[in-house]
Amino acid sequence: MKKYIVITSINPPTEAVEKFSKLKDYNLIVVGDKKSPREFKLDNCEFLSIEKQVKSNFKLAQKLPFNHYSRKMLGYLEAIRQGADLIVDTDDDNIPYDNWSFPDFEGYYDSLNHSGFINIYKLFTENKIWPRGLPLSLINDKGDLSSSIQKTLCHVGVWQGLADEDPDVDAIYRLTNNSPCFFKKRDPIVCKKGTLSPFNTQNTMIRKELFPLLYLPSTVTFRYTDILRGLIAQPIMGLYGYELGFTSATVLQKRNPHDYFKDFLSEIPMYETTEKVIEITNDSISSQKDIGSNLISSYRALSKEGIVQNSELEILNTWIEDLVN
């Protein structure tokens with residue numbers, strides 16, 4: 001099985017990137033941008049500089065904006081071209097623990113059956129904390145999720161590993177609390193169809209069958225792009241029997257510097273449209289279509305509602321074309 005890790009970075013090799021490069025079972029691809037160093041030298045790492053991206057045969061390289069997280073998709077395409085069976089998304093500030101790994105996609109796991117969004121962090125900590133992308137109306141929800149857990153046979157399409165110390169939270173949490181969080185160790189949790197949770201690109205593994213869902217929208221803000229990707233992905237995954245799973249933290253995040261208020265401004269469209277995206281996507285998809293066609297239908301409907309720009313459709317079609325080629 002060919003396993004790839006894809007990271008985008010504007011920094012010289014960080015502690016996290018160096019540690020990922022030493023994982024012998026994985027191939028590491030780092031995607032650069034205009035702010036990245038011109039020289040990025042690291043053993044067991046393929047660096048896709050802007051020059052390499054422009055010279056590649058990926059049409060997407062000409063469509064994506066520079067200095068945007070969505071250029072990470074060129075790393076996915078390179079991994080797929082090289083025959084990847086699974087791809088792990090992470091960032092250059094997520095330091096893997098020595099036991100870093102993911103569960104099998106198929107197996108009996110603790111499962112959660114719930115209609116709508118849940119705060120998955122509640123199953124891993126007693127702290128009042130929530131993942132970026134959770135509808136704000138659920139921040140103070142005191143419902144007990146643990147009573148709904150049953151062990152079932154699961155068909156996982158995406159595994160999201162949590163991150164210790166500075167996990168993925170929204171700017172509201174960071175502006176009002178910002179306490180570090182170290183999650184408790186527990187068995188993985190799988191969200192059954194209709195049980196929704198935001199997931200990101202920070203410590204996330206996706207199986208080959210769902211590679212089209214790696215698409216990162218480029219006409220939304222940096223703080224929304226990966227969350228929007230995950231929102232659209234979940235209804236589509238459910239059509240084909242795939243589920244979303246979460247594991248205890250397997251990385252330690254030493255977060256790169258951020259301006260929390262700028263993050264907040266960048267997240268406003270996310271706060272406003274999270275639940276609407278699920279509704280629009282559910283109304284746009286069909287099990288009679290393939291994943292790519294459902295993606296296009298979803299984004300077409302989202303563009304009509306002004307959640308993404310009309311130009312997103314051209315970029316998405318290019319992504320699908322590059323995948324096919």
# chains A, B, ... in the order shown; residues from 1 in each chain; ligands from 1
$ select_by_dssp --residues "range 77-116 of chain A" --states "strand (DSSP E)" --output "JSON, numbers by chain"
{"A": [86, 87, 88, 89, 90, 94, 95, 96, 106, 107, 108, 109, 110, 111, 112, 116]}
$ residues_around --residues "range 266-273 of chain A" --least-positions-apart "4" --cutoff "10 Å" --atoms "only C-alpha atoms" --output "list of chain:residue names"
A:Arg132, A:Gly133, A:Leu134, A:Pro135, A:Leu136, A:Ser137, A:Asp170, A:Ala171, A:Ile172, A:Val220, A:Thr221, A:Phe222, A:Arg223, A:Tyr224, A:Thr225, A:Ile227, A:Leu228, A:Tyr260, A:Phe261, A:Lys262, A:Val277, A:Ile278, A:Glu279, A:Ile307
$ atom_distance --atom1 "CA of Glu209 in chain A" --atom2 "CA of Leu77 in chain A"
14.1 Å
$ closest_residue --among "A:Ile189, A:Leu213, A:Val251, A:Leu265" --to "Ile232 in chain A" --atoms "only C-alpha atoms"
A:Leu213
$ residues_around --residues "Glu243 in chain A" --least-positions-apart "2" --cutoff "7 Å" --atoms "only C-alpha atoms" --output "PyMOL selection string"
chain A and resi 155-158+190-193+237-238+241+245
$ residues_around --residues "Gln309 in chain A" --least-positions-apart "2" --cutoff "10 Å" --atoms "only C-alpha atoms" --output "PDB file with N, CA, C and O atoms, in the first residue's frame"
ATOM      1  N   PRO A 217     -11.934  24.438  -1.589  1.00  0.00           N
ATOM      2  CA  PRO A 217     -12.432  25.618  -2.302  1.00  0.00           C
ATOM      3  C   PRO A 217     -11.509  26.816  -2.122  1.00  0.00           C
ATOM      4  O   PRO A 217     -11.013  27.072  -1.033  1.00  0.00           O
ATOM      5  N   SER A 218     -11.285  27.520  -3.209  1.00  0.00           N
ATOM      6  CA  SER A 218     -10.307  28.608  -3.186  1.00  0.00           C
ATOM      7  C   SER A 218     -10.935  29.993  -3.229  1.00  0.00           C
ATOM      8  O   SER A 218     -10.212  30.994  -3.179  1.00  0.00           O
ATOM      9  N   THR A 219     -12.270  30.078  -3.311  1.00  0.00           N
ATOM     10  CA  THR A 219     -12.908  31.401  -3.322  1.00  0.00           C
ATOM     11  C   THR A 219     -13.553  31.709  -1.971  1.00  0.00           C
ATOM     12  O   THR A 219     -14.395  32.611  -1.875  1.00  0.00           O
ATOM     13  N   VAL A 220     -13.145  30.967  -0.938  1.00  0.00           N
ATOM     14  CA  VAL A 220     -13.545  31.300   0.431  1.00  0.00           C
ATOM     15  C   VAL A 220     -12.278  31.585   1.230  1.00  0.00           C
ATOM     16  O   VAL A 220     -11.162  31.376   0.754  1.00  0.00           O
ATOM     17  N   TYR A 299     -21.441  22.434  -5.463  1.00  0.00           N
ATOM     18  CA  TYR A 299     -20.811  23.750  -5.605  1.00  0.00           C
ATOM     19  C   TYR A 299     -21.630  24.680  -6.504  1.00  0.00           C
ATOM     20  O   TYR A 299     -21.643  25.897  -6.296  1.00  0.00           O
ATOM     21  N   ARG A 300     -22.315  24.114  -7.466  1.00  0.00           N
ATOM     22  CA  ARG A 300     -23.175  24.949  -8.301  1.00  0.00           C
ATOM     23  C   ARG A 300     -24.280  25.572  -7.443  1.00  0.00           C
ATOM     24  O   ARG A 300     -24.576  26.772  -7.552  1.00  0.00           O
ATOM     25  N   LEU A 302     -24.147  26.001  -4.161  1.00  0.00           N
ATOM     26  CA  LEU A 302     -23.517  26.910  -3.199  1.00  0.00           C
ATOM     27  C   LEU A 302     -23.179  28.254  -3.844  1.00  0.00           C
ATOM     28  O   LEU A 302     -23.272  29.299  -3.201  1.00  0.00           O
ATOM     29  N   SER A 303     -22.793  28.212  -5.114  1.00  0.00           N
ATOM     30  CA  SER A 303     -22.477  29.473  -5.801  1.00  0.00           C
ATOM     31  C   SER A 303     -23.738  30.306  -6.013  1.00  0.00           C
ATOM     32  O   SER A 303     -23.707  31.543  -5.921  1.00  0.00           O
ATOM     33  N   LYS A 304     -24.863  29.650  -6.255  1.00  0.00           N
ATOM     34  CA  LYS A 304     -26.129  30.384  -6.420  1.00  0.00           C
ATOM     35  C   LYS A 304     -26.536  31.089  -5.132  1.00  0.00           C
ATOM     36  O   LYS A 304     -27.204  32.125  -5.164  1.00  0.00           O
ATOM     37  N   GLU A 305     -26.115  30.517  -3.994  1.00  0.00           N
ATOM     38  CA  GLU A 305     -26.427  31.115  -2.696  1.00  0.00           C
ATOM     39  C   GLU A 305     -25.353  32.106  -2.244  1.00  0.00           C
ATOM     40  O   GLU A 305     -25.441  32.670  -1.151  1.00  0.00           O
ATOM     41  N   GLY A 306     -24.297  32.275  -3.043  1.00  0.00           N
ATOM     42  CA  GLY A 306     -23.239  33.228  -2.722  1.00  0.00           C
ATOM     43  C   GLY A 306     -22.253  32.733  -1.679  1.00  0.00           C
ATOM     44  O   GLY A 306     -21.443  33.524  -1.164  1.00  0.00           O
ATOM     45  N   ILE A 307     -22.264  31.432  -1.377  1.00  0.00           N
ATOM     46  CA  ILE A 307     -21.337  30.897  -0.376  1.00  0.00           C
ATOM     47  C   ILE A 307     -19.949  30.711  -0.983  1.00  0.00           C
ATOM     48  O   ILE A 307     -18.932  30.880  -0.306  1.00  0.00           O
ATOM     49  N   SER A 311     -16.589  31.609  -9.945  1.00  0.00           N
ATOM     50  CA  SER A 311     -15.325  31.102 -10.496  1.00  0.00           C
ATOM     51  C   SER A 311     -14.897  29.793  -9.858  1.00  0.00           C
ATOM     52  O   SER A 311     -14.043  29.083 -10.396  1.00  0.00           O
ATOM     53  N   GLU A 312     -15.492  29.454  -8.704  1.00  0.00           N
ATOM     54  CA  GLU A 312     -15.158  28.185  -8.045  1.00  0.00           C
ATOM     55  C   GLU A 312     -15.468  26.995  -8.943  1.00  0.00           C
ATOM     56  O   GLU A 312     -14.748  25.986  -8.936  1.00  0.00           O
ATOM     57  N   LEU A 313     -16.518  27.111  -9.737  1.00  0.00           N
ATOM     58  CA  LEU A 313     -16.937  25.991 -10.587  1.00  0.00           C
ATOM     59  C   LEU A 313     -15.895  25.683 -11.646  1.00  0.00           C
ATOM     60  O   LEU A 313     -15.639  24.513 -11.962  1.00  0.00           O
TER      61      LEU A 313
END
$ select_by_dssp --residues "range 41-284 of chain A" --states "alpha helix (DSSP H)" --output "number ranges by chain"
A: 50-55, 60-63, 73-81, 171-176, 225-239, 260-284
$ residues_around --residues "range 119-121 of chain A" --least-positions-apart "6" --cutoff "7 Å" --atoms "only C-alpha atoms" --output "ChimeraX atom specification"
/A:129-131,134,197
$ atom_distance --atom1 "CA of Leu60 in chain A" --atom2 "CA of Met73 in chain A"
8.5 Å
$ residues_around --residues "Leu48 in chain A" --least-positions-apart "3" --cutoff "12 Å" --atoms "only C-alpha atoms" --output "PyMOL selection string"
chain A and resi 6-10+28-34+36-41+45+51-56+61+71-79
$ closest_residue --among "A:Arg229, A:Arg207, A:Lys2, A:Lys63" --to "Tyr242 in chain A" --atoms "only C-alpha atoms"
A:Arg207
$ atom_distance --atom1 "CA of Ala233 in chain A" --atom2 "CA of Trp159 in chain A"
12.8 Å
$ residues_around --residues "Met1 in chain A" --least-positions-apart "4" --cutoff "12 Å" --atoms "only C-alpha atoms" --output "list in words"
Asp25, Tyr26, Asn27, Gln82, Gly83, Ala84, Asp85, Leu86, Ile87, Arg207 and Lys208 of chain A
$ write_last_selection --atoms "N, CA, C and O atoms" --output "compact mmCIF listing (two decimals), in the first residue's frame"
# COMPACT_ATOMS: atom_id res chain seq x y z
N ASP A 25 7.29 4.33 6.28
CA ASP A 25 6.16 3.76 5.55
C ASP A 25 5.40 4.79 4.72
O ASP A 25 4.45 4.42 4.00
N TYR A 26 5.80 6.06 4.83
CA TYR A 26 5.09 7.12 4.14
C TYR A 26 6.01 7.90 3.21
O TYR A 26 7.21 8.04 3.46
N ASN A 27 5.41 8.41 2.13
CA ASN A 27 6.08 9.35 1.23
C ASN A 27 5.59 10.75 1.60
O ASN A 27 4.38 10.97 1.73
N GLN A 82 1.35 9.41 -8.36
CA GLN A 82 2.35 8.41 -7.99
C GLN A 82 1.72 7.12 -7.45
O GLN A 82 2.43 6.21 -7.03
N GLY A 83 0.40 7.05 -7.45
CA GLY A 83 -0.27 5.81 -7.09
C GLY A 83 -0.69 5.69 -5.64
O GLY A 83 -0.83 4.58 -5.11
N ALA A 84 -0.94 6.80 -4.97
CA ALA A 84 -1.33 6.77 -3.55
C ALA A 84 -2.59 5.95 -3.32
O ALA A 84 -3.56 6.03 -4.09
N ASP A 85 -2.56 5.15 -2.27
CA ASP A 85 -3.74 4.41 -1.82
C ASP A 85 -4.46 5.14 -0.69
O ASP A 85 -5.65 4.94 -0.48
N LEU A 86 -3.73 5.95 0.03
CA LEU A 86 -4.31 6.81 1.05
C LEU A 86 -3.45 8.06 1.18
O LEU A 86 -2.26 8.04 0.89
N ILE A 87 -4.07 9.14 1.61
CA ILE A 87 -3.37 10.42 1.77
C ILE A 87 -3.66 10.95 3.16
O ILE A 87 -4.82 10.97 3.60
N ARG A 207 -9.22 7.75 2.34
CA ARG A 207 -9.00 6.57 1.50
C ARG A 207 -9.15 6.92 0.03
O ARG A 207 -9.84 7.88 -0.35
N LYS A 208 -8.56 6.07 -0.80
CA LYS A 208 -8.46 6.32 -2.24
C LYS A 208 -9.82 6.56 -2.90
O LYS A 208 -9.95 7.42 -3.77
